[in-house]
Amino acid sequence: MADFFAHETAVIDEGCEIGKGTKIWHFSHIMPGCTLGENCNIGQNVVISPKVVLGKNVKVQNNVSIYEGVTCDEDVFLGPSMVFTNVINPRSAVNRKNQYLKTHVGKGASIGANATIVCGHNIGQFAFIGAGAVVTKEVADYALVVGNPAHQMGWMSEFGQRLEFDNDGIAKCIESNETYKLENNKVVKL
Ligand SMILES: CC(C)(COP(=O)(O)OP(=O)(O)OC[C@H]1O[C@@H](n2cnc3c(N)ncnc32)[C@H](O)[C@@H]1OP(=O)(O)O)[C@@H](O)C(=O)NCCC(=O)NCCS
């Protein structure tokens, strides 16, 4: 007996591996050969295309489509109606099924509601994509980006709090008290 929950209206195709404790809600479709980690939450009306890999504790809000070529590490949050893409120059009359560009979303990253990720641009760990952003470039670890095209407006902690770096390049998360260092435009947690 499977150790996950799928609502009776969900469709799960052959060859999927679904981790213990994962929940799949109304009208969602998991296509062949997907791997979903433990304790994921797949909201309503979500489509997960063939061979997509999600780590554990990935939260997918309503109306998200995760296309072939996308991978998400653990603890990724995909906000309501955000959009991935996997073809850079689609034409209905031209078959580009062998030209899918890959997009990787790093551990702990959050993507806001209605954001669009143009394919082939990886999102770093704990990066934060603001609501409605259109991402057209790689996003660094811990970076906060907003707008269309998305530009960096700051840095975010692992708890989702803004990081304000002092002259020595040190910042403290106001929620966790953890300390971060900014050096050469890269953030690391100390
Ligand atoms: C990006 C975000 C984290 C910023 O939050 P914040 O640090 O509290 O920022 P503020 O509200 O103080 O806004 C700072 C500035 O950024 C702008 N801004 C904030 N969010 C923005 C966004 N998503 N896109 C464009 N600009 C944005 C504000 O208008 C403001 O501009 P101003 O200084 O010119 O007035 C937040 O606005 C956001 O988009 N969160 C995602 C919410 C979401 O999608 N949740 C999904 C689950 S329900």
# chains A, B, ... in the order shown; residues from 1 in each chain; ligands from 1

$ residues_near_ligand --ligand "ligand 1" --cutoff "9 Å" --atoms "only C-alpha atoms and all ligand atoms" --output "MDAnalysis selection string"
chainID A and resid 61 77:80 82 110:115 128:133 144:148 150 153:154 156 160:162

$ residues_around --residues "Ile117 (chain A)" --least-positions-apart "6" --cutoff "9 Å" --atoms "only C-alpha atoms" --output "list in words"
Met82, Val83, Phe84, Thr85, Thr103, Ala133, Val134, Val135, Thr136 and Lys137 of chain A

$ closest_residue --among "A:Asn39, A:Gln152, A:Ile30, A:Pro90" --to "Asp3 (chain A)" --atoms "only C-alpha atoms"
A:Asn39

$ residues_around --residues "Glu68 (chain A)" --least-positions-apart "2" --cutoff "6 Å" --atoms "only C-alpha atoms" --output "ChimeraX atom specification"
/A:49-50,52,70

$ write_last_selection --atoms "C-alpha atoms" --output "compact mmCIF listing (two decimals), in the first residue's frame"
# COMPACT_ATOMS: atom_id res chain seq x y z
CA SER A 49 5.42 16.48 -16.78
CA PRO A 50 7.31 13.24 -17.50
CA VAL A 52 10.41 15.61 -13.43
CA VAL A 70 12.75 21.08 -14.49

$ residues_around --residues "region 170-180 of chain A" --least-positions-apart "5" --cutoff "9 Å" --atoms "only C-alpha atoms" --output "PyMOL selection string"
chain A and resi 156-165+187-190

$ write_last_selection --atoms "C-alpha atoms" --output "compact mmCIF listing (two decimals), in the first residue's frame"
# COMPACT_ATOMS: atom_id res chain seq x y z
CA MET A 156 17.07 36.93 1.64
CA SER A 157 17.91 34.65 4.55
CA GLU A 158 16.98 31.00 4.75
CA PHE A 159 13.98 32.12 6.85
CA GLY A 160 12.83 34.52 4.11
CA GLN A 161 13.94 37.73 5.87
CA ARG A 162 15.76 40.58 4.12
CA LEU A 163 19.52 40.63 4.79
CA GLU A 164 21.10 44.06 5.28
CA PHE A 165 24.88 43.75 5.05
CA VAL A 187 26.37 35.14 0.10
CA VAL A 188 27.26 32.32 2.45
CA LYS A 189 25.83 31.40 5.82
CA LEU A 190 28.52 31.41 8.51

$ atom_distance --atom1 "CA of Gln44 (chain A)" --atom2 "CA of Gly69 (chain A)"
21.6 Å

$ closest_residue --among "A:Val53, A:Ala6, A:Cys72, A:Leu182" --to "Asn41 (chain A)" --atoms "only C-alpha atoms"
A:Ala6

$ residues_around --residues "region 54-58 of chain A" --least-positions-apart "5" --cutoff "10 Å" --atoms "only C-alpha atoms" --output "PyMOL selection string"
chain A and resi 18-22+34-42+48+66+70-78+105-110

$ atom_distance --atom1 "CA of Phe5 (chain A)" --atom2 "CA of Ser65 (chain A)"
19.7 Å

$ select_by_dssp --residues "region 7-179 of chain A" --states "strand (DSSP E or B)" --output "ChimeraX atom specification"
/A:11-12,17-18,23-24,29-30,35-36,41-42,47-48,53-54,59-60,65-66,70-72,77-78,83-84,103-105,110-111,116-117,123,128-129,134-135,139,143-146,151-156,162,170-172,179
